[in-house]
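Colleague: Input file: work-v8.cif. Contents: mmCIF, C-alpha atoms and all ligand atoms.
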data_protein
loop_
_atom_site.label_atom_id
_atom_site.label_comp_id
_atom_site.auth_asym_id
_atom_site.auth_seq_id
_atom_site.Cartn_x
_atom_site.Cartn_y
_atom_site.Cartn_z
CA MET A 13 99.70 172.94 162.54
CA ILE A 14 101.93 170.00 163.34
CA LYS A 15 104.97 170.56 165.58
CA GLU A 16 108.40 170.48 163.92
CA SER A 17 109.57 167.52 166.06
CA LEU A 18 106.64 165.37 164.92
CA GLN A 19 106.88 166.52 161.32
CA THR A 20 110.54 165.43 161.26
CA ALA A 21 109.78 162.09 162.93
CA ILE A 22 106.88 161.34 160.56
CA ASN A 23 108.91 162.31 157.50
CA GLU A 24 111.56 159.84 158.64
CA GLN A 25 108.84 157.22 159.08
CA ILE A 26 107.58 157.80 155.50
CA VAL A 27 111.05 156.80 154.26
CA ARG A 28 111.07 153.73 156.53
CA GLU A 29 107.69 152.62 155.21
CA MET A 30 108.94 153.07 151.64
CA TYR A 31 112.04 151.07 152.51
CA SER A 32 109.76 148.36 153.96
CA SER A 33 107.82 148.32 150.71
CA ASN A 34 111.02 147.91 148.67
CA LEU A 35 112.32 145.26 151.06
CA TYR A 36 109.18 143.13 150.71
CA LEU A 37 109.08 143.65 146.94
CA SER A 38 112.67 142.43 146.81
CA MET A 39 111.70 139.40 148.91
CA ALA A 40 108.78 138.79 146.51
CA ALA A 41 111.24 138.76 143.60
CA TYR A 42 113.50 136.34 145.47
CA TYR A 43 110.62 133.91 146.16
CA ALA A 44 109.42 134.17 142.54
CA SER A 45 112.98 133.34 141.41
CA ILE A 46 112.83 130.02 143.29
CA ASN A 47 109.24 129.30 142.20
CA LEU A 48 107.65 129.74 145.62
CA ASN A 49 104.90 131.84 144.10
CA GLY A 50 102.59 131.84 147.14
CA PHE A 51 105.36 133.35 149.27
CA ALA A 52 106.06 135.78 146.41
CA ASN A 53 102.38 136.79 146.37
CA TRP A 54 102.33 137.31 150.15
CA MET A 55 105.43 139.52 150.04
CA ARG A 56 104.18 141.49 147.05
CA ILE A 57 100.94 142.32 148.88
CA GLN A 58 102.98 143.19 151.96
CA ALA A 59 104.97 145.61 149.77
CA GLU A 60 101.74 147.24 148.56
CA GLU A 61 100.48 147.59 152.13
CA GLU A 62 103.74 149.26 153.19
CA MET A 63 103.37 151.83 150.43
CA ILE A 64 99.84 152.49 151.70
CA HIS A 65 101.32 153.00 155.19
CA ALA A 66 103.76 155.53 153.73
CA LEU A 67 100.85 157.32 152.04
CA LYS A 68 98.83 157.43 155.26
CA PHE A 69 101.76 159.24 156.95
CA PHE A 70 102.18 161.45 153.85
CA ASP A 71 98.50 162.46 153.89
CA TYR A 72 98.60 163.08 157.62
CA VAL A 73 101.51 165.56 157.41
CA LEU A 74 99.67 167.45 154.64
CA ASP A 75 96.33 167.33 156.49
CA ARG A 76 98.02 168.96 159.50
CA GLY A 77 99.47 171.75 157.40
CA GLY A 78 103.00 170.35 157.55
CA LYS A 79 105.69 169.91 154.94
CA VAL A 80 106.53 166.53 153.44
CA ASN A 81 110.22 165.85 152.96
CA ILE A 82 111.11 162.51 151.47
CA GLY A 83 114.69 161.55 152.26
CA MET A 84 116.95 158.96 150.71
CA ILE A 85 115.76 155.36 150.64
CA THR A 86 118.66 152.94 150.99
CA ALA A 87 118.97 149.87 148.78
CA THR A 88 117.49 146.63 150.08
CA PRO A 89 119.13 143.19 150.01
CA SER A 90 118.19 141.06 147.01
CA VAL A 91 119.40 137.59 147.97
CA TRP A 92 118.77 135.47 151.03
CA ALA A 93 120.37 132.34 152.43
CA GLY A 94 117.37 130.07 151.80
CA TYR A 95 113.59 130.44 151.85
CA ILE A 96 113.23 130.81 155.65
CA GLN A 97 115.58 133.79 155.97
CA PRO A 98 113.30 136.46 154.38
CA PHE A 99 110.62 135.78 157.00
CA ALA A 100 113.18 135.86 159.83
CA ASP A 101 114.41 139.22 158.46
CA ALA A 102 110.83 140.46 157.96
CA LEU A 103 109.94 139.74 161.59
CA GLU A 104 113.06 141.52 162.83
CA HIS A 105 112.26 144.45 160.54
CA GLU A 106 108.66 144.70 161.80
CA GLN A 107 109.92 144.71 165.40
CA LYS A 108 112.11 147.71 164.48
CA ILE A 109 109.14 149.44 162.81
CA THR A 110 107.09 148.90 165.98
CA ALA A 111 109.85 150.51 168.06
CA TRP A 112 110.00 153.51 165.69
CA ILE A 113 106.24 154.00 165.80
CA ASN A 114 106.40 153.85 169.59
CA ASP A 115 109.12 156.53 169.49
CA ILE A 116 106.82 158.80 167.43
CA ALA A 117 104.01 158.11 169.93
CA ASP A 118 106.41 159.17 172.73
CA ILE A 119 107.07 162.48 170.94
CA ALA A 120 103.32 163.03 170.38
CA HIS A 121 102.77 162.37 174.08
CA THR A 122 105.50 164.80 175.14
CA GLU A 123 104.14 167.46 172.76
CA LYS A 124 100.57 166.80 174.01
CA ASP A 125 99.54 166.34 170.36
CA TYR A 126 96.34 164.37 170.86
CA ALA A 127 95.46 164.27 167.15
CA THR A 128 98.75 162.54 166.35
CA MET A 129 98.31 160.16 169.27
CA SER A 130 94.90 159.19 167.89
CA PHE A 131 96.27 158.88 164.33
CA LEU A 132 99.08 156.61 165.53
CA ASN A 133 96.68 154.17 167.22
CA TRP A 134 95.91 152.61 163.83
CA PHE A 135 99.62 151.89 163.31
CA ILE A 136 100.10 150.61 166.86
CA ASP A 137 97.28 148.07 166.30
CA GLU A 138 98.56 147.24 162.81
CA GLN A 139 102.02 146.41 164.19
CA VAL A 140 100.53 143.85 166.59
CA GLU A 141 98.90 142.17 163.59
CA GLU A 142 102.02 142.40 161.38
CA GLU A 143 104.35 140.91 163.98
CA LYS A 144 101.82 138.15 164.72
CA THR A 145 101.25 137.17 161.08
CA THR A 146 104.92 137.32 160.09
CA GLY A 147 105.93 135.37 163.21
CA GLU A 148 103.30 132.68 162.53
CA ILE A 149 104.50 132.12 158.97
CA LEU A 150 108.11 131.98 160.21
CA ASP A 151 107.16 129.37 162.85
CA ARG A 152 105.34 127.28 160.25
CA LEU A 153 108.32 127.44 157.89
CA ARG A 154 110.61 126.28 160.69
CA LEU A 155 108.18 123.52 161.69
CA ALA A 156 108.00 122.31 158.08
CA GLY A 157 111.74 121.60 158.31
CA ASP A 158 112.72 119.34 155.41
CA SER A 159 109.14 118.44 154.49
CA LYS A 160 108.58 119.64 150.94
CA SER A 161 104.87 118.77 151.11
CA SER A 162 104.38 121.08 154.15
CA LEU A 163 106.31 123.81 152.34
CA PHE A 164 104.17 123.51 149.19
CA LEU A 165 100.98 123.42 151.29
CA LEU A 166 101.95 126.69 152.97
CA ASP A 167 102.99 128.18 149.63
CA ASN A 168 99.59 127.30 148.23
CA GLU A 169 97.83 128.87 151.22
CA LEU A 170 99.78 132.14 150.80
CA LYS A 171 98.68 132.37 147.14
CA ALA A 172 95.22 133.30 148.42
CA ARG A 173 96.29 136.53 150.15
CA LYS A 174 94.65 139.66 148.77
CA ILE A 175 95.21 143.36 149.50
CA GLU A 176 93.02 144.58 152.39
CA VAL A 177 94.00 148.14 153.38
CA ALA A 178 92.27 151.27 152.01
CA THR A 179 94.60 153.77 150.26
CA LYS A 180 93.64 156.68 152.51
CA ALA A 181 93.21 156.83 156.28
CA GLU A 182 89.48 157.07 157.07
FE1 LIG A 201 104.99 146.56 158.21
O1 LIG A 201 104.72 148.19 158.95
FE2 LIG A 201 104.25 149.58 158.03
O2 LIG A 201 103.85 150.50 159.49
#
Kindly present the structure from the file in C-alpha cells form.
Modeller:
Amino acid sequence: MIKESLQTAINEQIVREMYSSNLYLSMAAYYASINLNGFANWMRIQAEEEMIHALKFFDYVLDRGGKVNIGMITATPSVWAGYIQPFADALEHEQKITAWINDIADIAHTEKDYATMSFLNWFIDEQVEEEKTTGEILDRLRLAGDSKSSLFLLDNELKARKIEVATKAE
C-alpha cells in the first residue's frame, strides 16, 4: 500500500503531466497556425508522450493499491510571441517538471519507499533526455536567427518525429 504523502504527490504529478500534454498540444496548434508543420508534429508527439507519462503515474497509484484523484487542470496559453518562444517556454516547463519529480523522489526517500524510488528512476532519466532535446531545438532555433532556409530545414527534420514510448510502464 502506498503512503498517503506519496499518493498525494503522485496525484498532483498526474495533473502536471496532463497540463504538460495540453500545453504541448496548444503549442502544436500554434505552430500549425503559422504553417510550421514539423514543429507542430514535434509538439503533438510531445503532447502524446506527456499523456503517457500521466498514465504511467495513474497505473502506478492503482498498482500500489492507492486512490487516484485527478484535480483541476488549468488552462494553457494559446498564443506565443513568435516561433522561438514555445521552445523557450517548453524548456522552462521541463525544468520545473524535473524539480517536481525530484521532490517526489525526496518524499520516497524519506518514506523509505524503495518501489517508488525504483519507479521514479524512469522519469528521472526521461527528464535528462527531455531537457536535452528541447534545449537543443531551442539553441538551433536561436542559431538560425533570420535565416528562413535554416528554419525550414529544421521544420522539415522535425516532421520525421514519431511516438516512441509504450502506453504502460513495463
Ligand atoms: Fe515532459 O515530462 Fe513528463 O514527465
Colleague: Wanna dump the chain A-ligand LIG 201 (chain A) contacts at 7 Å for me, each residue with its shortest atom pair and the distance in Å to one decimal, counting all atoms listed in the file, ordered by chain and number, as a tab-separated table?
Modeller:
residue	atom	partner	partner_atom	distance
A:Glu29	CA	A:LIG201	FE2	5.4
A:Ser32	CA	A:LIG201	FE1	6.6
A:Glu62	CA	A:LIG201	FE2	4.9
A:His65	CA	A:LIG201	FE2	5.3
A:Glu106	CA	A:LIG201	FE1	5.5
A:Ile109	CA	A:LIG201	O1	6.0
A:Phe135	CA	A:LIG201	O2	5.9
A:Gln139	CA	A:LIG201	O1	6.2
A:Glu142	CA	A:LIG201	FE1	6.0
Colleague: Can you list, as JSON, numbers by chain, every protein, DNA or RNA residue that comes within 12 Å of Thr110 in chain A when you count all atoms listed in the file, leaving out same-chain residues fewer than 4 positions away?
Modeller: {"A": [25, 28, 29, 103, 104, 105, 106, 114, 115, 116, 117, 132, 133, 134, 135, 136, 137, 138, 139, 140, 141, 142, 143]}
Colleague: From the set A:Tyr36, A:Phe69, A:Tyr42, A:Phe164, which residue has the shortest atom-to-atom contact distance to Arg56 in chain A, counting only C-alpha atoms?
Modeller: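 For Arg56 in chain A, the nearest of the candidates is A:Tyr36.
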Colleague: For CA of Leu165 in chain A and CA of Ser33 in chain A, quote the distance in Å rounded to one decimal.
Modeller: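 According to the coordinates, CA of Leu165 in chain A and CA of Ser33 in chain A are separated by 25.8 Å.
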Colleague: Quote the spacing between CA of Glu148 in chain A and CA of Leu170 in chain A in Å to one decimal place.
Modeller: 12.3 Å
Colleague: Please compute the CA of Ala172 in chain A-CA of Phe51 in chain A distance, one decimal, in Å.
Modeller: 10.2 Å
Colleague: Residues within 10 Å of Ser90 in chain A, please, as an MDAnalysis selection string. Count all atoms listed in the file; anything in the same chain fewer than 6 positions from it doesn't count.
Modeller: chainID A and resid 35:42 98
Colleague: Contacts of Ile119 in chain A at 12 Å or less, counting only C-alpha atoms, minus same-chain residues fewer than 6 places along, as a VMD selection string?
Modeller: chain A and resid 14 to 22 112 to 113 125 to 126 128 to 129 132
Colleague: List the neighbours of Arg76 in chain A out to 8 Å using only C-alpha atoms; skip same-chain residues closer than 3 positions along the sequence, and give me the result as an MDAnalysis selection string.
Modeller: chainID A and resid 13:14 72:73
Colleague: Give me the residues near Ile82 in chain A as an mmCIF file with C-alpha atoms, in the coordinates of the input, where near means some atom within 8 Å (using all atoms listed in the file) and where sequence neighbours in that chain fewer than 6 positions away do not count.
Modeller:
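Output file selection_35.cif follows:
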data_model
loop_
_atom_site.group_PDB
_atom_site.id
_atom_site.type_symbol
_atom_site.label_atom_id
_atom_site.label_comp_id
_atom_site.auth_asym_id
_atom_site.auth_seq_id
_atom_site.Cartn_x
_atom_site.Cartn_y
_atom_site.Cartn_z
ATOM 1 C CA ASN A 23 108.910 162.310 157.500
ATOM 2 C CA GLU A 24 111.560 159.840 158.640
ATOM 3 C CA ILE A 26 107.580 157.800 155.500
ATOM 4 C CA VAL A 27 111.050 156.800 154.260
#
Colleague: Report the centre and edge lengths, in Å to one decimal, of an axis-aligned box enclosing every atom of range 129-141 of chain A listed in the file, padded by 6 Å on each side, as lines of an AutoDock Vina configuration file.
Modeller:
center_x = 98.5
center_y = 151.2
center_z = 166.0
size_x = 19.1
size_y = 30.0
size_z = 18.5
